[in-house]
file structure.txt (compact mmCIF, N, CA and C atoms)
# COMPACT_ATOMS: atom_id res chain seq x y z
N MET A 822 8.54 -6.99 5.10
CA MET A 822 8.23 -7.00 3.71
C MET A 822 8.11 -8.42 3.18
N ASN A 823 8.50 -9.37 3.99
CA ASN A 823 8.43 -10.77 3.57
C ASN A 823 7.01 -11.23 3.35
N THR A 824 6.04 -10.61 4.02
CA THR A 824 4.66 -11.06 3.89
C THR A 824 3.89 -10.29 2.82
N ILE A 825 4.53 -9.32 2.18
CA ILE A 825 3.88 -8.58 1.10
C ILE A 825 4.09 -9.38 -0.19
N PRO A 826 3.00 -9.71 -0.87
CA PRO A 826 3.14 -10.53 -2.08
C PRO A 826 3.73 -9.74 -3.24
N SER A 827 4.31 -10.45 -4.20
CA SER A 827 4.79 -9.80 -5.41
C SER A 827 3.66 -9.65 -6.43
N LYS A 828 2.62 -10.49 -6.26
CA LYS A 828 1.42 -10.37 -7.09
C LYS A 828 0.28 -11.14 -6.42
N PHE A 829 -0.93 -10.77 -6.79
CA PHE A 829 -2.14 -11.44 -6.29
C PHE A 829 -3.27 -11.10 -7.25
N LYS A 830 -4.42 -11.73 -7.07
CA LYS A 830 -5.57 -11.45 -7.92
C LYS A 830 -6.67 -10.77 -7.11
N CYS A 831 -7.36 -9.87 -7.79
CA CYS A 831 -8.53 -9.21 -7.23
C CYS A 831 -9.55 -9.07 -8.35
N ALA A 832 -10.73 -9.58 -8.13
CA ALA A 832 -11.80 -9.52 -9.13
C ALA A 832 -11.36 -10.12 -10.47
N GLY A 833 -10.50 -11.13 -10.40
CA GLY A 833 -10.05 -11.80 -11.60
C GLY A 833 -8.87 -11.13 -12.29
N PHE A 834 -8.41 -9.99 -11.78
CA PHE A 834 -7.29 -9.27 -12.38
C PHE A 834 -6.03 -9.48 -11.56
N GLU A 835 -4.91 -9.65 -12.24
CA GLU A 835 -3.64 -9.81 -11.54
C GLU A 835 -3.10 -8.43 -11.17
N ILE A 836 -2.76 -8.27 -9.91
CA ILE A 836 -2.18 -7.03 -9.39
C ILE A 836 -0.73 -7.34 -9.05
N ASN A 837 0.19 -6.56 -9.58
CA ASN A 837 1.62 -6.72 -9.29
C ASN A 837 2.04 -5.69 -8.26
N VAL A 838 2.98 -6.09 -7.42
CA VAL A 838 3.50 -5.20 -6.37
C VAL A 838 4.98 -4.99 -6.63
N GLU A 839 5.38 -3.72 -6.70
CA GLU A 839 6.77 -3.38 -6.96
C GLU A 839 7.30 -2.47 -5.85
N PHE A 840 8.54 -2.67 -5.51
CA PHE A 840 9.22 -1.83 -4.53
C PHE A 840 10.21 -0.94 -5.25
N VAL A 841 10.24 0.33 -4.86
CA VAL A 841 11.18 1.29 -5.43
C VAL A 841 11.89 2.01 -4.29
N ASP A 842 13.00 2.64 -4.61
CA ASP A 842 13.75 3.38 -3.59
C ASP A 842 12.91 4.54 -3.06
N LYS A 843 12.33 5.34 -3.98
CA LYS A 843 11.47 6.46 -3.58
C LYS A 843 10.53 6.78 -4.73
N ILE A 844 9.45 7.50 -4.41
CA ILE A 844 8.51 7.94 -5.44
C ILE A 844 8.63 9.47 -5.47
N ASP A 845 7.55 10.20 -5.40
CA ASP A 845 7.60 11.65 -5.33
C ASP A 845 7.71 12.09 -3.88
N LYS A 846 8.03 13.35 -3.68
CA LYS A 846 8.17 13.89 -2.33
C LYS A 846 6.91 13.61 -1.51
N GLY A 847 7.10 12.97 -0.36
CA GLY A 847 6.00 12.70 0.55
C GLY A 847 5.11 11.52 0.17
N THR A 848 5.42 10.81 -0.91
CA THR A 848 4.58 9.71 -1.35
C THR A 848 5.15 8.38 -0.88
N PHE A 849 4.33 7.62 -0.15
CA PHE A 849 4.73 6.32 0.37
C PHE A 849 4.44 5.20 -0.61
N GLY A 850 3.35 5.33 -1.36
CA GLY A 850 2.97 4.30 -2.30
C GLY A 850 1.85 4.78 -3.20
N CYS A 851 1.53 3.96 -4.21
CA CYS A 851 0.43 4.31 -5.10
C CYS A 851 -0.08 3.05 -5.80
N PHE A 852 -1.32 3.12 -6.25
CA PHE A 852 -1.93 2.06 -7.06
C PHE A 852 -2.29 2.67 -8.40
N ASP A 853 -1.80 2.09 -9.48
CA ASP A 853 -2.12 2.54 -10.83
C ASP A 853 -3.15 1.58 -11.39
N ASP A 854 -4.39 2.05 -11.50
CA ASP A 854 -5.47 1.18 -11.95
C ASP A 854 -5.36 0.84 -13.43
N ALA A 855 -4.62 1.61 -14.21
CA ALA A 855 -4.44 1.31 -15.64
C ALA A 855 -3.50 0.14 -15.85
N THR A 856 -2.48 0.04 -15.00
CA THR A 856 -1.49 -1.04 -15.15
C THR A 856 -1.65 -2.13 -14.11
N ASN A 857 -2.54 -1.92 -13.12
CA ASN A 857 -2.73 -2.86 -12.01
C ASN A 857 -1.42 -3.11 -11.25
N VAL A 858 -0.73 -2.02 -10.94
CA VAL A 858 0.53 -2.11 -10.20
C VAL A 858 0.43 -1.27 -8.94
N ILE A 859 0.77 -1.92 -7.82
CA ILE A 859 0.97 -1.20 -6.56
C ILE A 859 2.46 -0.95 -6.45
N THR A 860 2.84 0.30 -6.25
CA THR A 860 4.24 0.67 -6.06
C THR A 860 4.43 1.13 -4.63
N ILE A 861 5.42 0.54 -3.97
CA ILE A 861 5.70 0.85 -2.57
C ILE A 861 7.11 1.42 -2.47
N ALA A 862 7.23 2.57 -1.82
CA ALA A 862 8.54 3.19 -1.61
C ALA A 862 9.20 2.61 -0.37
N LYS A 863 10.51 2.41 -0.44
CA LYS A 863 11.29 1.99 0.73
C LYS A 863 11.74 3.20 1.53
N ASN A 864 11.75 4.35 0.88
CA ASN A 864 12.15 5.61 1.49
C ASN A 864 11.20 6.70 1.04
N VAL A 865 11.09 7.75 1.86
CA VAL A 865 10.25 8.89 1.51
C VAL A 865 11.11 10.14 1.50
N LEU A 866 10.95 10.92 0.45
CA LEU A 866 11.69 12.17 0.32
C LEU A 866 10.95 13.25 1.09
N THR A 867 11.67 13.89 2.02
CA THR A 867 11.11 14.97 2.82
C THR A 867 11.95 16.23 2.59
N ASP A 868 11.56 17.32 3.21
CA ASP A 868 12.35 18.56 3.12
C ASP A 868 13.75 18.38 3.69
N ASN A 869 13.90 17.43 4.60
CA ASN A 869 15.19 17.18 5.24
C ASN A 869 15.97 16.04 4.60
N GLY A 870 15.53 15.56 3.47
CA GLY A 870 16.23 14.48 2.79
C GLY A 870 15.41 13.20 2.77
N LEU A 871 16.09 12.12 2.48
CA LEU A 871 15.47 10.81 2.36
C LEU A 871 15.33 10.15 3.73
N VAL A 872 14.13 9.65 4.02
CA VAL A 872 13.86 8.97 5.29
C VAL A 872 13.54 7.51 4.99
N GLU A 873 14.27 6.59 5.60
CA GLU A 873 14.02 5.17 5.42
C GLU A 873 12.76 4.77 6.18
N LEU A 874 11.87 4.04 5.51
CA LEU A 874 10.62 3.61 6.15
C LEU A 874 10.84 2.31 6.91
N SER A 875 10.15 2.19 8.03
CA SER A 875 10.22 0.96 8.82
C SER A 875 9.38 -0.11 8.13
N GLU A 876 9.59 -1.36 8.52
CA GLU A 876 8.78 -2.44 7.94
C GLU A 876 7.30 -2.23 8.24
N ARG A 877 6.99 -1.69 9.41
CA ARG A 877 5.59 -1.42 9.76
C ARG A 877 5.00 -0.35 8.85
N GLN A 878 5.76 0.70 8.57
CA GLN A 878 5.28 1.74 7.67
C GLN A 878 5.07 1.19 6.26
N ILE A 879 5.98 0.33 5.82
CA ILE A 879 5.86 -0.27 4.49
C ILE A 879 4.65 -1.19 4.43
N MET A 880 4.41 -1.97 5.47
CA MET A 880 3.23 -2.84 5.50
C MET A 880 1.95 -2.01 5.51
N ASN A 881 1.94 -0.93 6.30
CA ASN A 881 0.77 -0.06 6.34
C ASN A 881 0.52 0.56 4.96
N THR A 882 1.58 0.93 4.28
CA THR A 882 1.45 1.49 2.93
C THR A 882 0.86 0.46 1.98
N PHE A 883 1.36 -0.78 2.04
CA PHE A 883 0.80 -1.83 1.20
C PHE A 883 -0.69 -2.01 1.47
N LEU A 884 -1.06 -2.08 2.74
CA LEU A 884 -2.48 -2.27 3.08
C LEU A 884 -3.32 -1.10 2.60
N HIS A 885 -2.78 0.10 2.70
CA HIS A 885 -3.48 1.30 2.21
C HIS A 885 -3.73 1.17 0.71
N GLU A 886 -2.71 0.79 -0.03
CA GLU A 886 -2.87 0.65 -1.48
C GLU A 886 -3.77 -0.53 -1.83
N LEU A 887 -3.73 -1.59 -1.03
CA LEU A 887 -4.64 -2.72 -1.21
C LEU A 887 -6.09 -2.26 -1.06
N CYS A 888 -6.34 -1.38 -0.11
CA CYS A 888 -7.70 -0.83 0.04
C CYS A 888 -8.12 -0.07 -1.21
N HIS A 889 -7.17 0.64 -1.84
CA HIS A 889 -7.49 1.33 -3.10
C HIS A 889 -7.83 0.33 -4.20
N VAL A 890 -7.14 -0.80 -4.22
CA VAL A 890 -7.47 -1.86 -5.19
C VAL A 890 -8.92 -2.30 -4.97
N PHE A 891 -9.27 -2.56 -3.71
CA PHE A 891 -10.63 -2.98 -3.40
C PHE A 891 -11.64 -1.89 -3.79
N GLN A 892 -11.30 -0.63 -3.50
CA GLN A 892 -12.20 0.47 -3.88
C GLN A 892 -12.39 0.51 -5.40
N TRP A 893 -11.30 0.38 -6.14
CA TRP A 893 -11.37 0.45 -7.60
C TRP A 893 -12.26 -0.66 -8.16
N TYR A 894 -12.05 -1.89 -7.70
CA TYR A 894 -12.79 -3.00 -8.26
C TYR A 894 -14.19 -3.17 -7.67
N SER A 895 -14.52 -2.38 -6.67
CA SER A 895 -15.90 -2.39 -6.18
C SER A 895 -16.69 -1.24 -6.78
N GLY A 896 -16.04 -0.47 -7.66
CA GLY A 896 -16.74 0.60 -8.36
C GLY A 896 -16.83 1.89 -7.59
N LYS A 897 -16.06 2.03 -6.55
CA LYS A 897 -16.08 3.24 -5.73
C LYS A 897 -14.90 4.14 -6.09
N ASP A 898 -15.05 5.42 -5.82
CA ASP A 898 -13.95 6.36 -6.02
C ASP A 898 -12.86 6.12 -4.98
N PHE A 899 -11.65 6.51 -5.32
CA PHE A 899 -10.56 6.43 -4.36
C PHE A 899 -10.81 7.41 -3.23
N ASP A 900 -10.67 6.97 -2.03
CA ASP A 900 -10.89 7.81 -0.87
C ASP A 900 -9.72 7.61 0.08
N GLU A 901 -8.87 8.62 0.22
CA GLU A 901 -7.67 8.50 1.04
C GLU A 901 -8.00 8.26 2.51
N THR A 902 -9.01 8.92 3.03
CA THR A 902 -9.35 8.76 4.44
C THR A 902 -9.81 7.34 4.74
N VAL A 903 -10.70 6.82 3.91
CA VAL A 903 -11.20 5.45 4.12
C VAL A 903 -10.06 4.45 3.98
N ALA A 904 -9.21 4.61 2.97
CA ALA A 904 -8.07 3.70 2.78
C ALA A 904 -7.15 3.74 4.00
N ASN A 905 -6.90 4.93 4.54
CA ASN A 905 -6.07 5.06 5.75
C ASN A 905 -6.69 4.35 6.93
N ILE A 906 -7.96 4.57 7.14
CA ILE A 906 -8.65 3.97 8.29
C ILE A 906 -8.61 2.45 8.19
N PHE A 907 -8.98 1.90 7.03
CA PHE A 907 -9.00 0.45 6.88
C PHE A 907 -7.60 -0.15 6.97
N ALA A 908 -6.60 0.51 6.39
CA ALA A 908 -5.23 0.01 6.48
C ALA A 908 -4.78 -0.05 7.94
N ASN A 909 -5.09 0.98 8.72
CA ASN A 909 -4.73 0.97 10.14
C ASN A 909 -5.46 -0.13 10.90
N PHE A 910 -6.74 -0.33 10.61
CA PHE A 910 -7.50 -1.40 11.27
C PHE A 910 -6.94 -2.78 10.92
N ILE A 911 -6.63 -2.99 9.64
CA ILE A 911 -6.10 -4.30 9.22
C ILE A 911 -4.73 -4.55 9.84
N LEU A 912 -3.88 -3.54 9.87
CA LEU A 912 -2.57 -3.70 10.47
C LEU A 912 -2.68 -4.02 11.96
N GLU A 913 -3.55 -3.31 12.66
CA GLU A 913 -3.75 -3.58 14.08
C GLU A 913 -4.27 -5.00 14.29
N TYR A 914 -5.21 -5.42 13.46
CA TYR A 914 -5.73 -6.78 13.53
C TYR A 914 -4.61 -7.80 13.37
N THR A 915 -3.80 -7.65 12.31
CA THR A 915 -2.76 -8.64 12.04
C THR A 915 -1.69 -8.66 13.13
N GLU A 916 -1.44 -7.53 13.75
CA GLU A 916 -0.41 -7.47 14.80
C GLU A 916 -0.89 -7.94 16.16
N THR A 917 -2.19 -7.93 16.39
CA THR A 917 -2.69 -8.25 17.73
C THR A 917 -3.52 -9.52 17.82
N LYS A 918 -3.76 -10.19 16.69
CA LYS A 918 -4.59 -11.40 16.72
C LYS A 918 -3.90 -12.52 17.50
N THR A 919 -4.69 -13.33 18.15
CA THR A 919 -4.21 -14.48 18.89
C THR A 919 -4.72 -15.73 18.18
N ILE A 920 -3.79 -16.65 17.94
CA ILE A 920 -4.18 -17.89 17.25
C ILE A 920 -4.11 -19.05 18.21
call {"tool": "encode", "arguments": {"input": "structure.txt", "output": "structure tokens"}}
result
Amino acid sequence: MNTIPSKFKCAGFEINVEFVDKIDKGTFGCFDDATNVITIAKNVLTDNGLVELSERQIMNTFLHELCHVFQWYSGKDFDETVANIFANFILEYTETKTI
């Protein structure tokens, strides 16, 4: 979580990132385009109780919500499948790149 920013700009708008203990059942994160806030859960509520998310899951969630920010400011509708695919590709890239 150290590499997830607390805020950044996209298309000239400031986007804030907030961490919470949990959101709704099964929800890892969300982007609110009205407030420009990405909310990331540290835990996910399941039928069996609260499950703590790994740092990798939290990073993937951030990247997923970041894709929604890009979708919003590029004038496209939110698409969960595309956001998932791009978040997975970006995470794999960042974990496997050689410098």
call {"tool": "residues_around", "arguments": {"input": "structure.txt", "residues": "segment 872-874 of chain A", "least_positions_apart": "6", "cutoff": "8 Å", "atoms": "only N, CA and C atoms", "output": "number ranges by chain"}}
result
A: 862-866, 880
call {"tool": "write_last_selection", "arguments": {"input": "structure.txt", "atoms": "N, CA and C atoms", "output": "PDB file, in the coordinates of the input"}}
result
ATOM      1  N   ALA A 862       7.230   2.570  -1.820  1.00  0.00           N
ATOM      2  CA  ALA A 862       8.540   3.190  -1.610  1.00  0.00           C
ATOM      3  C   ALA A 862       9.200   2.610  -0.370  1.00  0.00           C
ATOM      4  N   LYS A 863      10.510   2.410  -0.440  1.00  0.00           N
ATOM      5  CA  LYS A 863      11.290   1.990   0.730  1.00  0.00           C
ATOM      6  C   LYS A 863      11.740   3.200   1.530  1.00  0.00           C
ATOM      7  N   ASN A 864      11.750   4.350   0.880  1.00  0.00           N
ATOM      8  CA  ASN A 864      12.150   5.610   1.490  1.00  0.00           C
ATOM      9  C   ASN A 864      11.200   6.700   1.040  1.00  0.00           C
ATOM     10  N   VAL A 865      11.090   7.750   1.860  1.00  0.00           N
ATOM     11  CA  VAL A 865      10.250   8.890   1.510  1.00  0.00           C
ATOM     12  C   VAL A 865      11.110  10.140   1.500  1.00  0.00           C
ATOM     13  N   LEU A 866      10.950  10.920   0.450  1.00  0.00           N
ATOM     14  CA  LEU A 866      11.690  12.170   0.320  1.00  0.00           C
ATOM     15  C   LEU A 866      10.950  13.250   1.090  1.00  0.00           C
ATOM     16  N   MET A 880       4.410  -1.970   5.470  1.00  0.00           N
ATOM     17  CA  MET A 880       3.230  -2.840   5.500  1.00  0.00           C
ATOM     18  C   MET A 880       1.950  -2.010   5.510  1.00  0.00           C
TER      19      MET A 880
END
call {"tool": "closest_residue", "arguments": {"input": "structure.txt", "among": "A:Gly833, A:Glu839, A:Ser827, A:His885", "to": "Ile859 of chain A", "atoms": "all atoms listed in the file"}}
result
A:Glu839
call {"tool": "closest_residue", "arguments": {"input": "structure.txt", "among": "A:Phe891, A:Glu886, A:Ile911, A:Ile920", "to": "Phe852 of chain A", "atoms": "all atoms listed in the file"}}
result
A:Glu886
call {"tool": "residues_around", "arguments": {"input": "structure.txt", "residues": "Leu887 of chain A", "least_positions_apart": "2", "cutoff": "8 Å", "atoms": "only N, CA and C atoms", "output": "ChimeraX atom specification"}}
result
/A:851-852,859,881-885,889-893,904,908
call {"tool": "residues_around", "arguments": {"input": "structure.txt", "residues": "Asn857 of chain A", "least_positions_apart": "4", "cutoff": "5 Å", "atoms": "only N, CA and C atoms", "output": "MDAnalysis selection string"}}
result
chainID A and resid 836:837 853
call {"tool": "atom_distance", "arguments": {"input": "structure.txt", "atom1": "atom CA of Asp842 of chain A", "atom2": "atom CA of Phe829 of chain A"}}
result
21.9 Å
call {"tool": "atom_distance", "arguments": {"input": "structure.txt", "atom1": "atom N of Gly847 of chain A", "atom2": "atom N of Thr867 of chain A"}}
result
5.2 Å
call {"tool": "closest_residue", "arguments": {"input": "structure.txt", "among": "A:Ile861, A:Ile879, A:Ala855, A:Leu871", "to": "Val838 of chain A", "atoms": "all atoms listed in the file"}}
result
A:Ile861
call {"tool": "atom_distance", "arguments": {"input": "structure.txt", "atom1": "atom C of Phe840 of chain A", "atom2": "atom N of Thr860 of chain A"}}
result
7.5 Å
call {"tool": "select_by_dssp", "arguments": {"input": "structure.txt", "residues": "chain A", "states": "strand (DSSP E)", "output": "list in words"}}
result
Lys828, Phe829, Lys830, Cys831, Phe834, Glu835, Ile836, Asn837, Val838, Glu839, Phe840, Val841, Gly850, Cys851, Phe852, Asp853, Val858, Ile859, Thr860, Ile861, Ala862, Asn864, Val865, Leu866, Thr867, Gly870, Leu871, Val872 and Glu873 of chain A
call {"tool": "select_by_dssp", "arguments": {"input": "structure.txt", "residues": "segment 823-904 of chain A", "states": "alpha helix (DSSP H)", "output": "VMD selection string"}}
result
chain A and resid 876 to 894 901 to 904
call {"tool": "closest_residue", "arguments": {"input": "structure.txt", "among": "A:Tyr894, A:Phe907, A:Tyr914, A:Phe849", "to": "Cys831 of chain A", "atoms": "all atoms listed in the file"}}
result
A:Tyr894
